[in-house]
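Undergrad: I have a structure here, written as structure tokens, and I will follow up with some questions on it.
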Amino acid sequence: MNGAGRAGSVWKPSDEEGGELAGRWWKWAMSAPDDRSPVKDTTGEHAAWNQPDDLWFLAGTYGGRVVRRCPIPSDRPAFFPVLNMQHPRSYSRVPLSMQVVEATASLNGVPLPLREFSASFRTGLTQRYAWGVWGGFPPLIPGAYVLEIRAGATNGFWVDTTYHLESEAP
């Protein structure tokens with residue numbers, strides 16, 4: 001199993017759960033001030049910013065190559081975007097998406113299952129739509145892990161993100 005989680009456990013949210021998580025992730029990401037934004041962060045310094053108590057969000061990027069180092073609590077599952085986008089309902093009344101060319105994620109070299117989710121969510125009075133290819137994993141046994149995320153779309157947008165994670169007992 002290469003230490004990639006608890007024995008026999010697999011990340012398998014339903015469409016409804018995944019959509020809810022995608023909306024929660026976007027609310028989390030969009031609520032960060034610019035100077036502490038986990039998405040803008042290129043080192044992992046702000047990875048712990050305003051994390052919820054029931055899971056751990058890992059940030060996406062605005063494209064390109066990013067390498068981050070950060071601790072992650074060993075008692076929470078993680079949820080992260082591989083390729084994603086959001087927009088206000090005033091822009092389009094249906095969720096928009098990207099044409100995916102590539103989307104992979106692996107933890108310590110073991111491929112992770114990925115799922116496509118779309119959902120509506122609110123920020124203040126604004127109704128928004130989220131779309132993305134998402135990944136996750138169950139709580140990790142304490143230790144060191146490498147999460148590698150690669151994705152690309154037909155519009156030329158691409159991501160190449162490496163997380164060096166240290167799972168720590170709370």
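Every chain in the structure tokens takes a letter, A first, then B, and so on in the order presented; its residues are numbered from 1, and the ligands are numbered from 1 following the presented order.
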Running DSSP on the backbone, which parts of chain A land in alpha helix (DSSP H), as a list in words?
TA: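 Residues of chain A classed as alpha helix (DSSP H): Asp15, Glu16, Glu17, Gly18, Gly19, Glu20, Leu21, Ala22, Gly23, Arg24, Trp25, Trp26, Lys27, Trp28, Ala29, Met30 and Ser31 of chain A.
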Undergrad: Using only C-alpha atoms, determine which residues lie at most 9 Å from range 125-139 of chain A, disregarding the query and same-chain residues fewer than 3 positions distant; provide the list as a PDB file with N, CA, C and O atoms, in the first residue's frame.
TA:
ATOM      1  N   ALA A   4      -0.092   4.873   1.705  1.00  0.00           N
ATOM      2  CA  ALA A   4      -1.003   5.869   1.135  1.00  0.00           C
ATOM      3  C   ALA A   4      -2.383   5.786   1.753  1.00  0.00           C
ATOM      4  O   ALA A   4      -3.375   5.642   1.076  1.00  0.00           O
ATOM      5  N   GLY A   5      -2.482   5.877   3.039  1.00  0.00           N
ATOM      6  CA  GLY A   5      -3.778   5.892   3.704  1.00  0.00           C
ATOM      7  C   GLY A   5      -3.991   4.677   4.575  1.00  0.00           C
ATOM      8  O   GLY A   5      -3.094   3.888   4.811  1.00  0.00           O
ATOM      9  N   ARG A   6      -5.184   4.524   5.067  1.00  0.00           N
ATOM     10  CA  ARG A   6      -5.549   3.403   5.914  1.00  0.00           C
ATOM     11  C   ARG A   6      -5.804   2.166   5.054  1.00  0.00           C
ATOM     12  O   ARG A   6      -6.276   2.276   3.925  1.00  0.00           O
ATOM     13  N   SER A   9      -8.997   1.447   2.567  1.00  0.00           N
ATOM     14  CA  SER A   9      -9.850   2.621   2.396  1.00  0.00           C
ATOM     15  C   SER A   9      -9.577   3.278   1.049  1.00  0.00           C
ATOM     16  O   SER A   9      -8.459   3.335   0.578  1.00  0.00           O
ATOM     17  N   VAL A  10     -10.644   3.752   0.428  1.00  0.00           N
ATOM     18  CA  VAL A  10     -10.565   4.402  -0.876  1.00  0.00           C
ATOM     19  C   VAL A  10     -11.466   5.627  -0.843  1.00  0.00           C
ATOM     20  O   VAL A  10     -12.509   5.627  -0.203  1.00  0.00           O
ATOM     21  N   TRP A  11     -11.067   6.661  -1.548  1.00  0.00           N
ATOM     22  CA  TRP A  11     -11.847   7.885  -1.645  1.00  0.00           C
ATOM     23  C   TRP A  11     -12.936   7.678  -2.682  1.00  0.00           C
ATOM     24  O   TRP A  11     -12.646   7.493  -3.857  1.00  0.00           O
ATOM     25  N   LYS A  12     -14.202   7.701  -2.269  1.00  0.00           N
ATOM     26  CA  LYS A  12     -15.320   7.464  -3.188  1.00  0.00           C
ATOM     27  C   LYS A  12     -16.532   8.313  -2.827  1.00  0.00           C
ATOM     28  O   LYS A  12     -17.554   7.786  -2.396  1.00  0.00           O
ATOM     29  N   GLY A  18     -19.444  14.952  -3.738  1.00  0.00           N
ATOM     30  CA  GLY A  18     -18.356  15.592  -4.469  1.00  0.00           C
ATOM     31  C   GLY A  18     -18.690  17.007  -4.879  1.00  0.00           C
ATOM     32  O   GLY A  18     -17.854  17.908  -4.799  1.00  0.00           O
ATOM     33  N   GLY A  19     -19.925  17.223  -5.333  1.00  0.00           N
ATOM     34  CA  GLY A  19     -20.353  18.575  -5.675  1.00  0.00           C
ATOM     35  C   GLY A  19     -20.340  19.500  -4.473  1.00  0.00           C
ATOM     36  O   GLY A  19     -19.909  20.650  -4.556  1.00  0.00           O
ATOM     37  N   ALA A  22     -16.761  20.339  -3.721  1.00  0.00           N
ATOM     38  CA  ALA A  22     -16.237  21.305  -4.688  1.00  0.00           C
ATOM     39  C   ALA A  22     -16.691  22.722  -4.329  1.00  0.00           C
ATOM     40  O   ALA A  22     -15.892  23.665  -4.363  1.00  0.00           O
ATOM     41  N   GLY A  23     -17.962  22.878  -3.975  1.00  0.00           N
ATOM     42  CA  GLY A  23     -18.456  24.181  -3.551  1.00  0.00           C
ATOM     43  C   GLY A  23     -17.774  24.672  -2.289  1.00  0.00           C
ATOM     44  O   GLY A  23     -17.397  25.848  -2.190  1.00  0.00           O
ATOM     45  N   TRP A  26     -14.232  25.854  -3.147  1.00  0.00           N
ATOM     46  CA  TRP A  26     -14.206  27.183  -3.757  1.00  0.00           C
ATOM     47  C   TRP A  26     -14.478  28.285  -2.741  1.00  0.00           C
ATOM     48  O   TRP A  26     -13.825  29.334  -2.773  1.00  0.00           O
ATOM     49  N   LEU A  55     -12.043  17.944   7.235  1.00  0.00           N
ATOM     50  CA  LEU A  55     -11.186  17.483   6.159  1.00  0.00           C
ATOM     51  C   LEU A  55     -10.106  18.512   5.918  1.00  0.00           C
ATOM     52  O   LEU A  55     -10.056  19.530   6.609  1.00  0.00           O
ATOM     53  N   PRO A  73      -2.761  17.105   8.867  1.00  0.00           N
ATOM     54  CA  PRO A  73      -3.128  16.274  10.022  1.00  0.00           C
ATOM     55  C   PRO A  73      -3.474  14.846   9.586  1.00  0.00           C
ATOM     56  O   PRO A  73      -4.100  14.632   8.558  1.00  0.00           O
ATOM     57  N   SER A  74      -3.057  13.882  10.378  1.00  0.00           N
ATOM     58  CA  SER A  74      -3.264  12.469  10.031  1.00  0.00           C
ATOM     59  C   SER A  74      -4.684  11.989  10.311  1.00  0.00           C
ATOM     60  O   SER A  74      -5.012  10.857   9.963  1.00  0.00           O
ATOM     61  N   ASP A  75      -5.522  12.841  10.879  1.00  0.00           N
ATOM     62  CA  ASP A  75      -6.881  12.397  11.230  1.00  0.00           C
ATOM     63  C   ASP A  75      -7.957  12.926  10.277  1.00  0.00           C
ATOM     64  O   ASP A  75      -9.138  12.803  10.559  1.00  0.00           O
ATOM     65  N   ARG A  76      -7.556  13.516   9.133  1.00  0.00           N
ATOM     66  CA  ARG A  76      -8.543  14.077   8.207  1.00  0.00           C
ATOM     67  C   ARG A  76      -8.280  13.621   6.778  1.00  0.00           C
ATOM     68  O   ARG A  76      -7.131  13.557   6.346  1.00  0.00           O
ATOM     69  N   PRO A  77      -9.358  13.363   6.034  1.00  0.00           N
ATOM     70  CA  PRO A  77      -9.177  13.112   4.600  1.00  0.00           C
ATOM     71  C   PRO A  77      -8.811  14.415   3.901  1.00  0.00           C
ATOM     72  O   PRO A  77      -9.014  15.506   4.449  1.00  0.00           O
ATOM     73  N   ALA A  78      -8.256  14.303   2.696  1.00  0.00           N
ATOM     74  CA  ALA A  78      -7.883  15.479   1.916  1.00  0.00           C
ATOM     75  C   ALA A  78      -8.708  15.523   0.631  1.00  0.00           C
ATOM     76  O   ALA A  78      -9.107  14.489   0.095  1.00  0.00           O
ATOM     77  N   PHE A  79      -8.946  16.736   0.141  1.00  0.00           N
ATOM     78  CA  PHE A  79      -9.696  16.970  -1.089  1.00  0.00           C
ATOM     79  C   PHE A  79      -8.980  18.064  -1.862  1.00  0.00           C
ATOM     80  O   PHE A  79      -8.580  19.069  -1.273  1.00  0.00           O
ATOM     81  N   PHE A  80      -8.811  17.871  -3.176  1.00  0.00           N
ATOM     82  CA  PHE A  80      -8.045  18.842  -3.957  1.00  0.00           C
ATOM     83  C   PHE A  80      -8.488  18.851  -5.424  1.00  0.00           C
ATOM     84  O   PHE A  80      -8.965  17.847  -5.947  1.00  0.00           O
ATOM     85  N   PRO A  81      -8.294  19.998  -6.098  1.00  0.00           N
ATOM     86  CA  PRO A  81      -8.583  20.062  -7.527  1.00  0.00           C
ATOM     87  C   PRO A  81      -7.381  19.594  -8.339  1.00  0.00           C
ATOM     88  O   PRO A  81      -6.235  19.825  -7.966  1.00  0.00           O
ATOM     89  N   VAL A  82      -7.663  18.935  -9.425  1.00  0.00           N
ATOM     90  CA  VAL A  82      -6.637  18.609 -10.405  1.00  0.00           C
ATOM     91  C   VAL A  82      -6.718  19.655 -11.520  1.00  0.00           C
ATOM     92  O   VAL A  82      -5.722  20.210 -11.937  1.00  0.00           O
ATOM     93  N   LEU A  83      -7.930  19.937 -11.952  1.00  0.00           N
ATOM     94  CA  LEU A  83      -8.216  20.978 -12.937  1.00  0.00           C
ATOM     95  C   LEU A  83      -9.608  21.487 -12.595  1.00  0.00           C
ATOM     96  O   LEU A  83     -10.537  20.677 -12.472  1.00  0.00           O
ATOM     97  N   ASN A  84      -9.775  22.790 -12.408  1.00  0.00           N
ATOM     98  CA  ASN A  84     -11.101  23.281 -12.013  1.00  0.00           C
ATOM     99  C   ASN A  84     -11.312  24.729 -12.413  1.00  0.00           C
ATOM    100  O   ASN A  84     -10.374  25.425 -12.795  1.00  0.00           O
ATOM    101  N   MET A  85     -12.574  25.138 -12.317  1.00  0.00           N
ATOM    102  CA  MET A  85     -12.942  26.522 -12.597  1.00  0.00           C
ATOM    103  C   MET A  85     -14.271  26.821 -11.920  1.00  0.00           C
ATOM    104  O   MET A  85     -14.991  25.895 -11.523  1.00  0.00           O
ATOM    105  N   GLN A  86     -14.570  28.112 -11.805  1.00  0.00           N
ATOM    106  CA  GLN A  86     -15.858  28.546 -11.261  1.00  0.00           C
ATOM    107  C   GLN A  86     -16.257  29.826 -11.967  1.00  0.00           C
ATOM    108  O   GLN A  86     -15.422  30.504 -12.558  1.00  0.00           O
ATOM    109  N   HIS A  87     -17.543  30.126 -11.904  1.00  0.00           N
ATOM    110  CA  HIS A  87     -18.017  31.373 -12.478  1.00  0.00           C
ATOM    111  C   HIS A  87     -19.351  31.730 -11.838  1.00  0.00           C
ATOM    112  O   HIS A  87     -20.088  30.864 -11.369  1.00  0.00           O
ATOM    113  N   PRO A  88     -19.678  33.040 -11.842  1.00  0.00           N
ATOM    114  CA  PRO A  88     -20.985  33.452 -11.324  1.00  0.00           C
ATOM    115  C   PRO A  88     -22.091  33.057 -12.306  1.00  0.00           C
ATOM    116  O   PRO A  88     -21.870  32.990 -13.522  1.00  0.00           O
ATOM    117  N   ARG A  89     -23.268  32.823 -11.777  1.00  0.00           N
ATOM    118  CA  ARG A  89     -24.416  32.447 -12.603  1.00  0.00           C
ATOM    119  C   ARG A  89     -24.747  33.556 -13.606  1.00  0.00           C
ATOM    120  O   ARG A  89     -25.263  33.284 -14.690  1.00  0.00           O
ATOM    121  N   SER A  90     -24.434  34.788 -13.269  1.00  0.00           N
ATOM    122  CA  SER A  90     -24.695  35.899 -14.194  1.00  0.00           C
ATOM    123  C   SER A  90     -23.849  35.775 -15.473  1.00  0.00           C
ATOM    124  O   SER A  90     -24.225  36.306 -16.514  1.00  0.00           O
ATOM    125  N   SER A  92     -22.961  32.692 -16.869  1.00  0.00           N
ATOM    126  CA  SER A  92     -23.599  31.603 -17.600  1.00  0.00           C
ATOM    127  C   SER A  92     -24.571  30.911 -16.662  1.00  0.00           C
ATOM    128  O   SER A  92     -24.257  30.683 -15.497  1.00  0.00           O
ATOM    129  N   ARG A  93     -25.725  30.557 -17.174  1.00  0.00           N
ATOM    130  CA  ARG A  93     -26.741  29.902 -16.342  1.00  0.00           C
ATOM    131  C   ARG A  93     -26.524  28.402 -16.220  1.00  0.00           C
ATOM    132  O   ARG A  93     -27.297  27.717 -15.564  1.00  0.00           O
ATOM    133  N   VAL A  94     -25.490  27.890 -16.858  1.00  0.00           N
ATOM    134  CA  VAL A  94     -25.121  26.465 -16.729  1.00  0.00           C
ATOM    135  C   VAL A  94     -23.645  26.391 -16.372  1.00  0.00           C
ATOM    136  O   VAL A  94     -22.861  27.282 -16.723  1.00  0.00           O
ATOM    137  N   PRO A  95     -23.241  25.339 -15.669  1.00  0.00           N
ATOM    138  CA  PRO A  95     -21.816  25.194 -15.335  1.00  0.00           C
ATOM    139  C   PRO A  95     -20.974  25.046 -16.602  1.00  0.00           C
ATOM    140  O   PRO A  95     -21.300  24.250 -17.482  1.00  0.00           O
ATOM    141  N   LEU A  96     -19.938  25.834 -16.709  1.00  0.00           N
ATOM    142  CA  LEU A  96     -18.988  25.722 -17.811  1.00  0.00           C
ATOM    143  C   LEU A  96     -17.882  24.762 -17.409  1.00  0.00           C
ATOM    144  O   LEU A  96     -17.644  24.533 -16.220  1.00  0.00           O
ATOM    145  N   SER A  97     -17.190  24.212 -18.382  1.00  0.00           N
ATOM    146  CA  SER A  97     -16.099  23.273 -18.093  1.00  0.00           C
ATOM    147  C   SER A  97     -14.989  23.475 -19.109  1.00  0.00           C
ATOM    148  O   SER A  97     -15.128  24.243 -20.055  1.00  0.00           O
ATOM    149  N   MET A  98     -13.899  22.772 -18.901  1.00  0.00           N
ATOM    150  CA  MET A  98     -12.779  22.766 -19.839  1.00  0.00           C
ATOM    151  C   MET A  98     -12.730  21.402 -20.518  1.00  0.00           C
ATOM    152  O   MET A  98     -13.141  20.398 -19.919  1.00  0.00           O
ATOM    153  N   VAL A 100     -10.649  18.477 -21.152  1.00  0.00           N
ATOM    154  CA  VAL A 100      -9.471  17.924 -20.489  1.00  0.00           C
ATOM    155  C   VAL A 100      -8.666  17.058 -21.461  1.00  0.00           C
ATOM    156  O   VAL A 100      -9.216  16.185 -22.126  1.00  0.00           O
ATOM    157  N   ALA A 103      -5.314  14.455 -16.978  1.00  0.00           N
ATOM    158  CA  ALA A 103      -5.622  14.718 -15.569  1.00  0.00           C
ATOM    159  C   ALA A 103      -5.180  13.500 -14.766  1.00  0.00           C
ATOM    160  O   ALA A 103      -5.754  12.421 -14.892  1.00  0.00           O
ATOM    161  N   THR A 104      -4.122  13.670 -13.966  1.00  0.00           N
ATOM    162  CA  THR A 104      -3.617  12.574 -13.142  1.00  0.00           C
ATOM    163  C   THR A 104      -3.216  13.106 -11.772  1.00  0.00           C
ATOM    164  O   THR A 104      -2.852  14.269 -11.618  1.00  0.00           O
ATOM    165  N   ALA A 105      -3.276  12.230 -10.806  1.00  0.00           N
ATOM    166  CA  ALA A 105      -2.759  12.519  -9.461  1.00  0.00           C
ATOM    167  C   ALA A 105      -2.254  11.207  -8.894  1.00  0.00           C
ATOM    168  O   ALA A 105      -2.873  10.151  -9.092  1.00  0.00           O
ATOM    169  N   LEU A 107      -0.135   9.524  -5.265  1.00  0.00           N
ATOM    170  CA  LEU A 107       0.388   9.704  -3.912  1.00  0.00           C
ATOM    171  C   LEU A 107       1.457   8.638  -3.709  1.00  0.00           C
ATOM    172  O   LEU A 107       1.167   7.442  -3.777  1.00  0.00           O
ATOM    173  N   LEU A 112      -4.196   7.928  -7.971  1.00  0.00           N
ATOM    174  CA  LEU A 112      -5.398   8.169  -7.184  1.00  0.00           C
ATOM    175  C   LEU A 112      -6.609   8.238  -8.112  1.00  0.00           C
ATOM    176  O   LEU A 112      -6.500   8.750  -9.229  1.00  0.00           O
ATOM    177  N   PRO A 113      -7.766   7.768  -7.644  1.00  0.00           N
ATOM    178  CA  PRO A 113      -8.971   7.923  -8.466  1.00  0.00           C
ATOM    179  C   PRO A 113      -9.377   9.394  -8.520  1.00  0.00           C
ATOM    180  O   PRO A 113      -9.271  10.108  -7.529  1.00  0.00           O
ATOM    181  N   LEU A 114      -9.809   9.825  -9.688  1.00  0.00           N
ATOM    182  CA  LEU A 114     -10.259  11.199  -9.886  1.00  0.00           C
ATOM    183  C   LEU A 114     -11.704  11.170 -10.338  1.00  0.00           C
ATOM    184  O   LEU A 114     -12.141  10.223 -10.981  1.00  0.00           O
ATOM    185  N   ARG A 115     -12.437  12.238 -10.000  1.00  0.00           N
ATOM    186  CA  ARG A 115     -13.848  12.344 -10.391  1.00  0.00           C
ATOM    187  C   ARG A 115     -14.131  13.743 -10.889  1.00  0.00           C
ATOM    188  O   ARG A 115     -13.562  14.712 -10.400  1.00  0.00           O
ATOM    189  N   GLU A 116     -15.024  13.831 -11.842  1.00  0.00           N
ATOM    190  CA  GLU A 116     -15.487  15.117 -12.333  1.00  0.00           C
ATOM    191  C   GLU A 116     -16.761  15.481 -11.573  1.00  0.00           C
ATOM    192  O   GLU A 116     -17.676  14.670 -11.467  1.00  0.00           O
ATOM    193  N   PHE A 117     -16.789  16.694 -11.030  1.00  0.00           N
ATOM    194  CA  PHE A 117     -17.961  17.180 -10.301  1.00  0.00           C
ATOM    195  C   PHE A 117     -18.309  18.576 -10.783  1.00  0.00           C
ATOM    196  O   PHE A 117     -17.422  19.376 -11.088  1.00  0.00           O
ATOM    197  N   SER A 118     -19.593  18.877 -10.814  1.00  0.00           N
ATOM    198  CA  SER A 118     -20.042  20.252 -11.003  1.00  0.00           C
ATOM    199  C   SER A 118     -21.159  20.484  -9.993  1.00  0.00           C
ATOM    200  O   SER A 118     -21.891  19.558  -9.636  1.00  0.00           O
ATOM    201  N   ALA A 119     -21.260  21.713  -9.536  1.00  0.00           N
ATOM    202  CA  ALA A 119     -22.247  22.029  -8.501  1.00  0.00           C
ATOM    203  C   ALA A 119     -22.438  23.535  -8.432  1.00  0.00           C
ATOM    204  O   ALA A 119     -21.604  24.308  -8.898  1.00  0.00           O
ATOM    205  N   SER A 120     -23.538  23.929  -7.840  1.00  0.00           N
ATOM    206  CA  SER A 120     -23.751  25.349  -7.576  1.00  0.00           C
ATOM    207  C   SER A 120     -23.384  25.627  -6.121  1.00  0.00           C
ATOM    208  O   SER A 120     -23.448  24.736  -5.270  1.00  0.00           O
ATOM    209  N   PHE A 121     -22.969  26.846  -5.862  1.00  0.00           N
ATOM    210  CA  PHE A 121     -22.664  27.284  -4.492  1.00  0.00           C
ATOM    211  C   PHE A 121     -22.828  28.794  -4.440  1.00  0.00           C
ATOM    212  O   PHE A 121     -22.932  29.454  -5.466  1.00  0.00           O
ATOM    213  N   ARG A 122     -22.870  29.326  -3.244  1.00  0.00           N
ATOM    214  CA  ARG A 122     -23.032  30.774  -3.046  1.00  0.00           C
ATOM    215  C   ARG A 122     -21.827  31.352  -2.320  1.00  0.00           C
ATOM    216  O   ARG A 122     -21.284  30.738  -1.419  1.00  0.00           O
ATOM    217  N   SER A 167       2.432  14.007   7.078  1.00  0.00           N
ATOM    218  CA  SER A 167       1.234  13.679   7.866  1.00  0.00           C
ATOM    219  C   SER A 167       1.636  13.578   9.329  1.00  0.00           C
ATOM    220  O   SER A 167       2.538  12.803   9.685  1.00  0.00           O
TER     221      SER A 167
END
Undergrad: Can you work out which one of A:Val110, A:Ile141, A:Ala151, A:Ala47 has the shortest atom-to-atom distance to Pro71 in chain A, counting only C-alpha atoms?
TA: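 That would be A:Ala47, the residue with the smallest distance to Pro71 in chain A.
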Undergrad: What's the 10 Å shell around range 37-45 of chain A, counting only C-alpha atoms, without same-chain residues fewer than 2 positions away, as an mmCIF file with N, CA, C and O atoms, in the first residue's frame?
TA:
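Result written to around-v2.cif:
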data_model
loop_
_atom_site.group_PDB
_atom_site.id
_atom_site.type_symbol
_atom_site.label_atom_id
_atom_site.label_comp_id
_atom_site.auth_asym_id
_atom_site.auth_seq_id
_atom_site.Cartn_x
_atom_site.Cartn_y
_atom_site.Cartn_z
ATOM 1 N N TRP A 28 -13.743 28.199 0.388
ATOM 2 C CA TRP A 28 -12.491 28.276 1.156
ATOM 3 C C TRP A 28 -11.437 29.040 0.369
ATOM 4 O O TRP A 28 -10.830 29.988 0.872
ATOM 5 N N ALA A 29 -11.226 28.654 -0.878
ATOM 6 C CA ALA A 29 -10.177 29.280 -1.691
ATOM 7 C C ALA A 29 -10.457 30.759 -1.936
ATOM 8 O O ALA A 29 -9.547 31.592 -1.869
ATOM 9 N N MET A 30 -11.702 31.112 -2.207
ATOM 10 C CA MET A 30 -12.052 32.487 -2.536
ATOM 11 C C MET A 30 -12.089 33.400 -1.314
ATOM 12 O O MET A 30 -12.031 34.627 -1.457
ATOM 13 N N SER A 31 -12.184 32.826 -0.126
ATOM 14 C CA SER A 31 -12.267 33.653 1.082
ATOM 15 C C SER A 31 -10.899 34.091 1.614
ATOM 16 O O SER A 31 -10.825 34.951 2.480
ATOM 17 N N ALA A 32 -9.835 33.526 1.094
ATOM 18 C CA ALA A 32 -8.495 33.870 1.586
ATOM 19 C C ALA A 32 -8.064 35.247 1.092
ATOM 20 O O ALA A 32 -8.247 35.560 -0.087
ATOM 21 N N PRO A 33 -7.478 36.040 1.977
ATOM 22 C CA PRO A 33 -6.920 37.313 1.507
ATOM 23 C C PRO A 33 -5.720 37.047 0.596
ATOM 24 O O PRO A 33 -5.060 36.010 0.715
ATOM 25 N N ASP A 34 -5.455 37.951 -0.331
ATOM 26 C CA ASP A 34 -4.378 37.755 -1.307
ATOM 27 C C ASP A 34 -3.042 37.399 -0.665
ATOM 28 O O ASP A 34 -2.312 36.560 -1.178
ATOM 29 N N ASP A 35 -2.722 38.036 0.460
ATOM 30 C CA ASP A 35 -1.417 37.802 1.075
ATOM 31 C C ASP A 35 -1.327 36.480 1.832
ATOM 32 O O ASP A 35 -0.262 36.110 2.310
ATOM 33 N N ALA A 47 -0.762 26.823 3.447
ATOM 34 C CA ALA A 47 -1.625 25.651 3.248
ATOM 35 C C ALA A 47 -2.624 25.451 4.385
ATOM 36 O O ALA A 47 -3.727 24.956 4.159
ATOM 37 N N ALA A 48 -2.272 25.827 5.591
ATOM 38 C CA ALA A 48 -3.145 25.595 6.747
ATOM 39 C C ALA A 48 -4.177 26.704 6.948
ATOM 40 O O ALA A 48 -5.001 26.610 7.867
ATOM 41 N N TRP A 49 -4.190 27.691 6.067
ATOM 42 C CA TRP A 49 -5.073 28.830 6.259
ATOM 43 C C TRP A 49 -6.535 28.396 6.326
ATOM 44 O O TRP A 49 -7.066 27.777 5.412
ATOM 45 N N ASN A 50 -7.192 28.698 7.451
ATOM 46 C CA ASN A 50 -8.633 28.542 7.647
ATOM 47 C C ASN A 50 -9.187 27.178 7.226
ATOM 48 O O ASN A 50 -10.266 27.083 6.641
ATOM 49 N N PHE A 57 -8.234 20.735 2.847
ATOM 50 C CA PHE A 57 -8.198 21.145 1.452
ATOM 51 C C PHE A 57 -6.756 21.393 1.039
ATOM 52 O O PHE A 57 -6.005 22.042 1.763
ATOM 53 N N LEU A 58 -6.380 20.889 -0.119
ATOM 54 C CA LEU A 58 -5.115 21.254 -0.738
ATOM 55 C C LEU A 58 -5.448 22.201 -1.881
ATOM 56 O O LEU A 58 -6.435 21.999 -2.602
ATOM 57 N N ALA A 59 -4.645 23.223 -2.040
ATOM 58 C CA ALA A 59 -4.939 24.263 -3.018
ATOM 59 C C ALA A 59 -4.556 23.844 -4.423
ATOM 60 O O ALA A 59 -3.612 23.082 -4.633
ATOM 61 N N GLY A 60 -5.297 24.375 -5.374
ATOM 62 C CA GLY A 60 -4.923 24.276 -6.769
ATOM 63 C C GLY A 60 -3.944 25.401 -7.071
ATOM 64 O O GLY A 60 -3.360 25.999 -6.170
ATOM 65 N N THR A 61 -3.765 25.690 -8.345
ATOM 66 C CA THR A 61 -2.875 26.771 -8.761
ATOM 67 C C THR A 61 -3.553 27.583 -9.856
ATOM 68 O O THR A 61 -4.594 27.197 -10.372
ATOM 69 N N TYR A 62 -2.910 28.671 -10.227
ATOM 70 C CA TYR A 62 -3.377 29.464 -11.362
ATOM 71 C C TYR A 62 -2.675 29.027 -12.641
ATOM 72 O O TYR A 62 -2.639 29.752 -13.620
ATOM 73 N N GLY A 63 -2.127 27.825 -12.628
ATOM 74 C CA GLY A 63 -1.462 27.261 -13.786
ATOM 75 C C GLY A 63 0.041 27.212 -13.609
ATOM 76 O O GLY A 63 0.613 27.867 -12.741
ATOM 77 N N ARG A 65 3.905 25.361 -13.017
ATOM 78 C CA ARG A 65 4.589 24.447 -12.088
ATOM 79 C C ARG A 65 4.674 25.073 -10.711
ATOM 80 O O ARG A 65 5.084 26.230 -10.572
ATOM 81 N N VAL A 66 4.300 24.300 -9.684
ATOM 82 C CA VAL A 66 4.394 24.727 -8.291
ATOM 83 C C VAL A 66 4.846 23.538 -7.453
ATOM 84 O O VAL A 66 4.385 22.416 -7.658
ATOM 85 N N VAL A 67 5.755 23.790 -6.506
ATOM 86 C CA VAL A 67 6.183 22.777 -5.537
ATOM 87 C C VAL A 67 5.915 23.354 -4.157
ATOM 88 O O VAL A 67 6.394 24.443 -3.830
ATOM 89 N N ARG A 68 5.131 22.612 -3.373
ATOM 90 C CA ARG A 68 4.778 23.067 -2.026
ATOM 91 C C ARG A 68 5.170 22.019 -1.004
ATOM 92 O O ARG A 68 5.111 20.824 -1.280
ATOM 93 N N ARG A 69 5.515 22.496 0.197
ATOM 94 C CA ARG A 69 5.805 21.627 1.345
ATOM 95 C C ARG A 69 4.895 22.054 2.476
ATOM 96 O O ARG A 69 4.825 23.245 2.787
ATOM 97 N N CYS A 70 4.210 21.057 3.096
ATOM 98 C CA CYS A 70 3.343 21.437 4.203
ATOM 99 C C CYS A 70 2.970 20.220 5.049
ATOM 100 O O CYS A 70 2.941 19.092 4.559
ATOM 101 N N PRO A 71 2.688 20.476 6.322
ATOM 102 C CA PRO A 71 2.151 19.409 7.175
ATOM 103 C C PRO A 71 0.662 19.237 6.874
ATOM 104 O O PRO A 71 0.002 20.145 6.378
ATOM 105 N N THR A 161 1.798 20.239 -10.290
ATOM 106 C CA THR A 161 1.933 20.573 -8.868
ATOM 107 C C THR A 161 2.485 19.378 -8.107
ATOM 108 O O THR A 161 2.004 18.258 -8.271
ATOM 109 N N TYR A 163 3.219 18.279 -4.135
ATOM 110 C CA TYR A 163 3.115 18.545 -2.698
ATOM 111 C C TYR A 163 4.013 17.564 -1.958
ATOM 112 O O TYR A 163 3.890 16.355 -2.152
ATOM 113 N N HIS A 164 4.888 18.075 -1.122
ATOM 114 C CA HIS A 164 5.642 17.255 -0.169
ATOM 115 C C HIS A 164 4.888 17.392 1.148
ATOM 116 O O HIS A 164 4.928 18.450 1.782
ATOM 117 N N LEU A 165 4.162 16.342 1.507
ATOM 118 C CA LEU A 165 3.293 16.360 2.685
ATOM 119 C C LEU A 165 3.938 15.614 3.838
ATOM 120 O O LEU A 165 4.548 14.565 3.649
#
Undergrad: Pick out each residue of chain A that DSSP on the backbone tags as strand (DSSP E); I need them as a ChimeraX atom specification.
TA: /A:56-57,64-73,78-88,100-107,110-111,114-123,126-137,143-153,158-168
Undergrad: Please determine, counting only C-alpha atoms, which residue among A:Asn108, A:Thr123, A:Tyr91, A:Pro170 has the shortest atom-to-atom distance to Glu148 in chain A.
TA: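 The answer is A:Asn108, which sits nearest to Glu148 in chain A.
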Undergrad: Nearest residue to Trp158 in chain A out of A:Leu140, A:Val101, A:Ser106, A:Tyr145, using only C-alpha atoms?
TA: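 Under the stated criterion, the closest residue is A:Val101.
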Undergrad: With only C-alpha atoms as the basis for distance, which of A:Gln51, A:Thr162, A:Thr154, A:Gln99 is at the shortest distance from Arg24 in chain A?
TA: A:Gln51
Undergrad: Between CA of Asp54 in chain A and CA of Leu21 in chain A, what is the distance, to one decimal in Å?
TA: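 Distance reported for this atom pair: 11.3 Å.
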Undergrad: Can you measure CA of Arg150 in chain A to CA of Gly64 in chain A for me? One decimal in Å is fine.
TA: 9.8 Å
Undergrad: Determine the nearest neighbour of Pro52 in chain A from the options A:Trp25, A:Gly124, A:Pro13, A:Arg36, counting only C-alpha atoms.
TA: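 Answer, going by the shortest atom-to-atom distance: A:Trp25.
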